[in-house]
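Single-structure report; data block below.
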Amino acid sequence: MFRFPSKSPKHSNLQSASSLSLSHSLNWIHRGLVVAAFVAVFLAKLAEGRTWVDSTGNPIEADFIGLKASKVALRLEDGKAVEMPLKVLSKVDQEYVLKHSFAAKAELVALAAKRIDAAVEKGLDEKKLQYNEGLNDHMFLRRIYLDLAGRIPSYQEARDFLTSRKPMKRQELLTKLLNSVDYTSHNYNYFAEQLRIQSRFPGTVLRNDAFIFWLKKQIQTNRPYDELVRELITAEGHIWDNPAVGYHFRDKDMKLDHVAFMGKVFLGTDITCAQCHDDPFSNWTQYEYYELSAYLSNLDTKGPKPKNKAIPNRKQIEQHLVQKNGLDPKNAGDKEKLRNLVRRYDRPLRDLNRAGEFMVRAVSDRPMRLPATYEYDDAVPNEVVPPRVLFGKEQGAAVAALTSRERLAAWLTSRNNKRFAMNIANRMWAKYMGRGVSEPLYNIDPRKAYNPELLKVLAEEMLVLDFDLKAFSWVIVNTKAYNRLASRTKSAEAEPYHFSGPILRRMTAEQVWDSMMTLMLGDPNQFQLESGEEFNELIDLAGQSSPSVEEFLNRIERYDKFRPEHLLVNEEGISILNAKLTPKKSGAFGTNLTRPPFKKDGMSDEVAMMELMNVAKKKKILLARASELPQPSDPAHFLSQFGQSQRTFVIRASSLEGSVPQVMELMNGYTTEILTQPGSKIFLDMKNLRSNFEKANVVFMSILSRRAIGNEHHLIDKELSSGGEEVFADLIWALLNTPEFLFVK
């Protein structure tokens, strides 16, 4: 049975049901979250010695040290440290490494949290401010799921946590979420908006699936951020050989714009205006802009036309079609049929022939020149501009041996380039706290930060943790500031804020959608995009052996019929479009919303869930997480309605503003209609309960991560007495439209 705290006058609408008493929770928080002691002990246990097994079955006795750049560091029994590729270990050991990769940083993580707490408290003390009230269990649960997993907890997850009496259950939950598929999906959404990732590369016939899959893999394996950025900038080749080239394809034929986005995303420095003229507000000159751009002067995103000698020519195709279809080329009617048959292959054949042209490469003898309209006295129009960094200088004697992009990547991600670490640390702080220490995020100014000491500490700890974003996330969510109620006072970028708690935030479009998927499916990660190999194999003509004409035409037809939904597959490799199950009882439930959801028709949960999938297909809605869907979404899609970025030419372009269409979408849109089907998880969790109050509490726990309290019981009783079980659909709609659901408090 749940134990509820009594209402307090302050925050009574926010602080609700908790499996621990409120006083117990506050006492726990006031002891400083026990971060230093707990992390050092709990995470250190994860690094204890164990028997490892390589892919050939050989055992290795060793302690786990860490994971970096897909290499596992182990300490053998004799004390010697060795490194080996992650892939040579058994599948079980690989999963262990991915789960515990930041375990060896326990002391560093604990110290980082302490230093950040001290910097925040110094800022609060100077302004005679205090932390907000601490979080009870249900609010902690909801926030940590939304911030780390990108969704609300399922009914079972919420119930398990809130009924648990484990003293360290919060820390155990953090470990679970940081090593989950959910964390990868949510963080992909975060970086996809910054990098403006789209499912198709503008101006090409290429799809972006391989790059999307690659980026998710980097997040999953906790690739250090500096290494990730270096690989993005230096990547070369075709996307089927090196998916990281997708970064440069995003701004194909827009090299100067590419540089501007690079400054905003990786340096928190906006030099956009200097592309056309000296910037009077930031003091960047047009010449400096072109100096930085000169590092990309030899970057090309299109190569020579590939020579596919093994590909049948038009004449061979015509001869094959004549023979296959028994046509007489001299007959006027057959000649027209042949022309129509050949025409069917023209566009896909043209696409496939073009695909090989798109590649990232370096070309010689292509210096950066000033524009013909250049009008300043320090140079003349069309003058060659040598590369030079924006601030600081390139380090090391080996610079001369590097390519221009390698030089750029080395300077950009250097530990001596404090701006790089400060930028990502400030972004990560804003990700969890709702606001950066310095704003706007794409153009930070440490001199104008309201707590410069905090910004300095964040940047220093990012360096100490070697750009380990998972460990850095652990640090932030263990700070005292994070574990406080959100501040409900609206704070503009130009107004000071000292982090007495996070800023009250509205869920992002992706968080709302992924929460809806959780309510429908329980596990929203059932269908995920595959690696993109299927599509790339179709378009990589040069990489294929010489086909017969018949084989080649079959290939063209497969390409022409290809749909992105085919890439959305479950663990068995079955496409979401082909995942079907025939109901045991014809017509059971069907798609009639007015039919009572708990009618005993003998339908199993599995069959009911597949009926739900069938209804979604009829509505042309793919029941998968936002990270797996076409990007950006269609303008009429739920995600677009709720403000998903269109990933065009603006950083941080998503919207958190409410609108009438959003209300209508939650009240009677297709997504809510599917949610209220009897096969959705929220109804399946209610199905075998007898008491209407128990069923109502399932709805509350599923949507708000708490039980109904106070006057809510009276309202439920009133509604249930005046209607049948269909009232639960109304209850779902009502709770989805409350601020308690839509905001991260």
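Chain labels follow the order of the structure tokens: the first chain is A, the next B, and so on; residue numbering restarts at 1 in every chain, and ligands are counted from 1 in their shown order.
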
DSSP on the backbone, strand (DSSP E or B) only: what residues of segment 363-513 of chain A does that give? Format it as a ChimeraX atom specification. /A:368-369,384-385,484,487,503,505-506

8 Å contact set for Ile116 of chain A, only C-alpha atoms, chain neighbours under 6 positions out, as an mmCIF file with N, CA and C atoms, in the first residue's frame:
data_model
loop_
_atom_site.group_PDB
_atom_site.id
_atom_site.type_symbol
_atom_site.label_atom_id
_atom_site.label_comp_id
_atom_site.auth_asym_id
_atom_site.auth_seq_id
_atom_site.Cartn_x
_atom_site.Cartn_y
_atom_site.Cartn_z
ATOM 1 N N LEU A 454 30.719 28.948 -11.697
ATOM 2 C CA LEU A 454 30.038 27.707 -12.070
ATOM 3 C C LEU A 454 30.394 27.305 -13.493
ATOM 4 N N VAL A 457 33.900 25.900 -13.486
ATOM 5 C CA VAL A 457 33.970 24.566 -12.882
ATOM 6 C C VAL A 457 33.406 23.511 -13.834
ATOM 7 N N LEU A 458 32.296 23.819 -14.478
ATOM 8 C CA LEU A 458 31.708 22.868 -15.425
ATOM 9 C C LEU A 458 32.695 22.526 -16.532
ATOM 10 N N THR A 479 23.711 16.541 -8.511
ATOM 11 C CA THR A 479 23.923 17.803 -7.807
ATOM 12 C C THR A 479 22.705 18.145 -6.963
#

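When the distance limit is 10 Å and only C-alpha atoms are what count, the residues near Leu538 of chain A, minus those fewer than 3 positions from it on the same chain, are Leu352, Glu533, Glu534, Phe535, Leu541, Gly543, Gln544, Arg555, Ile556, Arg558, Tyr559 and Phe562 of chain A.
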
Generate the output file for the selected residues, all heavy atoms, as a compact mmCIF listing (two decimals), in the first residue's frame.
# COMPACT_ATOMS: atom_id res chain seq x y z
N LEU A 352 20.60 5.69 -59.34
CA LEU A 352 21.66 4.77 -58.94
C LEU A 352 23.00 5.16 -59.55
O LEU A 352 24.05 5.01 -58.91
CB LEU A 352 21.29 3.34 -59.34
CG LEU A 352 20.09 2.72 -58.60
CD1 LEU A 352 19.82 1.31 -59.08
CD2 LEU A 352 20.34 2.71 -57.10
N GLU A 533 22.29 -0.54 -44.14
CA GLU A 533 23.04 -1.35 -45.10
C GLU A 533 22.17 -1.78 -46.28
O GLU A 533 22.64 -1.84 -47.41
CB GLU A 533 23.64 -2.57 -44.41
CG GLU A 533 24.75 -2.25 -43.43
CD GLU A 533 25.34 -3.49 -42.80
OE1 GLU A 533 24.99 -4.61 -43.27
OE2 GLU A 533 26.12 -3.37 -41.85
N GLU A 534 20.91 -2.08 -46.00
CA GLU A 534 20.02 -2.57 -47.07
C GLU A 534 19.92 -1.55 -48.19
O GLU A 534 20.08 -1.88 -49.37
CB GLU A 534 18.63 -2.86 -46.49
CG GLU A 534 17.63 -3.33 -47.54
CD GLU A 534 16.23 -3.52 -46.97
OE1 GLU A 534 16.09 -3.57 -45.74
OE2 GLU A 534 15.28 -3.61 -47.77
N PHE A 535 19.66 -0.29 -47.83
CA PHE A 535 19.53 0.75 -48.85
C PHE A 535 20.87 1.02 -49.51
O PHE A 535 20.96 1.17 -50.74
CB PHE A 535 18.99 2.03 -48.21
CG PHE A 535 18.79 3.15 -49.20
CD1 PHE A 535 17.67 3.19 -50.02
CD2 PHE A 535 19.74 4.16 -49.33
CE1 PHE A 535 17.49 4.21 -50.94
CE2 PHE A 535 19.56 5.19 -50.24
CZ PHE A 535 18.43 5.21 -51.05
N LEU A 541 26.52 0.74 -56.64
CA LEU A 541 26.73 -0.08 -57.83
C LEU A 541 28.18 -0.52 -57.98
O LEU A 541 28.46 -1.63 -58.42
CB LEU A 541 26.30 0.71 -59.08
CG LEU A 541 24.82 1.11 -59.13
CD1 LEU A 541 24.53 1.82 -60.45
CD2 LEU A 541 23.91 -0.09 -58.96
N GLY A 543 30.27 -1.27 -55.78
CA GLY A 543 30.68 -2.29 -54.83
C GLY A 543 30.09 -3.66 -55.12
O GLY A 543 30.28 -4.59 -54.34
N GLN A 544 29.39 -3.81 -56.23
CA GLN A 544 28.73 -5.07 -56.55
C GLN A 544 29.46 -5.80 -57.67
O GLN A 544 30.10 -5.19 -58.53
CB GLN A 544 27.28 -4.81 -56.97
CG GLN A 544 26.48 -4.01 -55.94
CD GLN A 544 26.37 -4.74 -54.61
OE1 GLN A 544 26.11 -5.93 -54.57
NE2 GLN A 544 26.56 -4.01 -53.52
N ARG A 555 17.21 -5.40 -59.18
CA ARG A 555 17.79 -4.46 -58.22
C ARG A 555 17.12 -3.08 -58.35
O ARG A 555 16.78 -2.44 -57.36
CB ARG A 555 19.29 -4.35 -58.48
CG ARG A 555 20.03 -3.37 -57.60
CD ARG A 555 21.37 -3.04 -58.25
NE ARG A 555 22.25 -2.41 -57.31
CZ ARG A 555 23.12 -3.06 -56.56
NH1 ARG A 555 23.21 -4.38 -56.63
NH2 ARG A 555 23.91 -2.41 -55.72
N ILE A 556 16.93 -2.64 -59.60
CA ILE A 556 16.28 -1.34 -59.83
C ILE A 556 14.86 -1.36 -59.29
O ILE A 556 14.40 -0.38 -58.68
CB ILE A 556 16.28 -1.01 -61.34
CG1 ILE A 556 17.70 -0.70 -61.80
CG2 ILE A 556 15.37 0.18 -61.62
CD1 ILE A 556 17.81 -0.36 -63.27
N ARG A 558 13.70 -3.17 -56.82
CA ARG A 558 13.75 -3.14 -55.35
C ARG A 558 14.02 -1.71 -54.87
O ARG A 558 13.43 -1.26 -53.89
CB ARG A 558 14.84 -4.08 -54.81
CG ARG A 558 14.54 -5.55 -55.01
CD ARG A 558 15.33 -6.41 -54.04
NE ARG A 558 16.75 -6.11 -54.03
CZ ARG A 558 17.64 -6.60 -54.89
NH1 ARG A 558 17.23 -7.43 -55.86
NH2 ARG A 558 18.91 -6.28 -54.80
N TYR A 559 14.88 -1.01 -55.57
CA TYR A 559 15.17 0.38 -55.21
C TYR A 559 13.92 1.24 -55.39
O TYR A 559 13.59 2.07 -54.54
CB TYR A 559 16.31 0.92 -56.07
CG TYR A 559 16.47 2.42 -55.99
CD1 TYR A 559 17.12 3.02 -54.91
CD2 TYR A 559 15.95 3.25 -56.97
CE1 TYR A 559 17.25 4.39 -54.82
CE2 TYR A 559 16.07 4.63 -56.90
CZ TYR A 559 16.72 5.19 -55.82
OH TYR A 559 16.84 6.56 -55.73
N PHE A 562 11.41 0.73 -52.68
CA PHE A 562 11.91 0.88 -51.32
C PHE A 562 11.15 1.97 -50.58
O PHE A 562 10.90 3.05 -51.11
CB PHE A 562 13.40 1.23 -51.34
CG PHE A 562 14.00 1.38 -49.96
CD1 PHE A 562 14.47 0.28 -49.28
CD2 PHE A 562 14.06 2.62 -49.35
CE1 PHE A 562 14.99 0.41 -48.01
CE2 PHE A 562 14.59 2.76 -48.08
CZ PHE A 562 15.06 1.65 -47.42

Judged by only C-alpha atoms, the minimum distance to Asn298 of chain A among A:Arg369, A:Lys324, A:Arg170, A:Arg230 is found for A:Arg369

Alpha helix (DSSP H) per DSSP on the backbone: members of segment 103-264 of chain A, as a ChimeraX atom specification: /A:106-126,137-144,155-163,169-178,181-194,209-220,225-234,246-249,255-264

Of the residues A:Leu174, A:Ala81, A:Val744, A:Ala260, which is the one nearest to Met139 of chain A, using only C-alpha atoms? A:Val744

Which is closer to Glu611 of chain A than all the others in A:Asn189, A:Ser70, A:Gln677, A:Thr508, using only C-alpha atoms?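 Nearest to Glu611 of chain A: A:Gln677.
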
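Of the residues under consideration (A:Asn132, A:Ser645, A:Gln319, A:Ser154), A:Ser154 shows the shortest atom-to-atom contact distance to Ser705 of chain A when counting only C-alpha atoms.
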
Which neighbours of Leu504 of chain A fall inside 6 Å, counting only C-alpha atoms, when residues of the same chain fewer than 5 positions from it are skipped, and could you give them as JSON, numbers by chain? {"A": [486, 487, 488, 745]}

Can you write just those residues out, C-alpha atoms, as a short mmCIF file (atom, residue, chain, number, x, y, z; two decimals), in the first residue's frame?
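Now in out-v3.cif:
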data_model
loop_
_atom_site.label_atom_id
_atom_site.label_comp_id
_atom_site.auth_asym_id
_atom_site.auth_seq_id
_atom_site.Cartn_x
_atom_site.Cartn_y
_atom_site.Cartn_z
CA ALA A 486 11.71 23.36 -10.59
CA SER A 487 11.51 27.12 -10.36
CA ARG A 488 8.16 28.20 -11.74
CA LYS A 745 8.66 19.75 -12.71
#

For Asn242 of chain A, list every protein, DNA or RNA residue within 10 Å, evaluated using only C-alpha atoms, and leave out those in the same chain fewer than 4 positions away; present the list as an mmCIF file with N, CA, C and O atoms, in the first residue's frame.
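Ended up saving to part.cif:
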data_model
loop_
_atom_site.group_PDB
_atom_site.id
_atom_site.type_symbol
_atom_site.label_atom_id
_atom_site.label_comp_id
_atom_site.auth_asym_id
_atom_site.auth_seq_id
_atom_site.Cartn_x
_atom_site.Cartn_y
_atom_site.Cartn_z
ATOM 1 N N ALA A 210 22.491 5.308 -42.436
ATOM 2 C CA ALA A 210 23.772 4.799 -41.955
ATOM 3 C C ALA A 210 24.401 5.766 -40.956
ATOM 4 O O ALA A 210 24.968 5.350 -39.938
ATOM 5 N N PHE A 211 24.315 7.069 -41.243
ATOM 6 C CA PHE A 211 24.871 8.064 -40.327
ATOM 7 C C PHE A 211 24.071 8.095 -39.026
ATOM 8 O O PHE A 211 24.646 8.176 -37.931
ATOM 9 N N TRP A 214 25.034 5.113 -37.054
ATOM 10 C CA TRP A 214 26.402 5.299 -36.545
ATOM 11 C C TRP A 214 26.407 6.226 -35.336
ATOM 12 O O TRP A 214 27.065 5.937 -34.327
ATOM 13 N N ALA A 235 36.163 12.940 -41.439
ATOM 14 C CA ALA A 235 35.630 11.790 -42.190
ATOM 15 C C ALA A 235 35.713 12.006 -43.697
ATOM 16 O O ALA A 235 35.474 13.105 -44.201
ATOM 17 N N GLU A 236 36.034 10.930 -44.423
ATOM 18 C CA GLU A 236 36.076 10.958 -45.882
ATOM 19 C C GLU A 236 35.508 9.659 -46.438
ATOM 20 O O GLU A 236 35.482 8.637 -45.765
ATOM 21 N N GLY A 237 35.082 9.707 -47.697
ATOM 22 C CA GLY A 237 34.627 8.514 -48.392
ATOM 23 C C GLY A 237 33.145 8.546 -48.719
ATOM 24 O O GLY A 237 32.475 9.569 -48.598
ATOM 25 N N HIS A 238 32.625 7.379 -49.156
ATOM 26 C CA HIS A 238 31.195 7.210 -49.396
ATOM 27 C C HIS A 238 30.508 6.857 -48.085
ATOM 28 O O HIS A 238 31.124 6.290 -47.180
ATOM 29 N N GLY A 246 28.308 11.623 -43.220
ATOM 30 C CA GLY A 246 26.984 12.236 -43.217
ATOM 31 C C GLY A 246 26.986 13.622 -42.610
ATOM 32 O O GLY A 246 26.142 14.456 -42.955
ATOM 33 N N MET A 359 30.450 11.766 -52.396
ATOM 34 C CA MET A 359 31.469 11.307 -51.464
ATOM 35 C C MET A 359 32.184 12.526 -50.890
ATOM 36 O O MET A 359 32.236 13.589 -51.500
ATOM 37 N N VAL A 360 32.706 12.360 -49.696
ATOM 38 C CA VAL A 360 33.496 13.426 -49.078
ATOM 39 C C VAL A 360 34.959 13.145 -49.372
ATOM 40 O O VAL A 360 35.456 12.053 -49.118
#
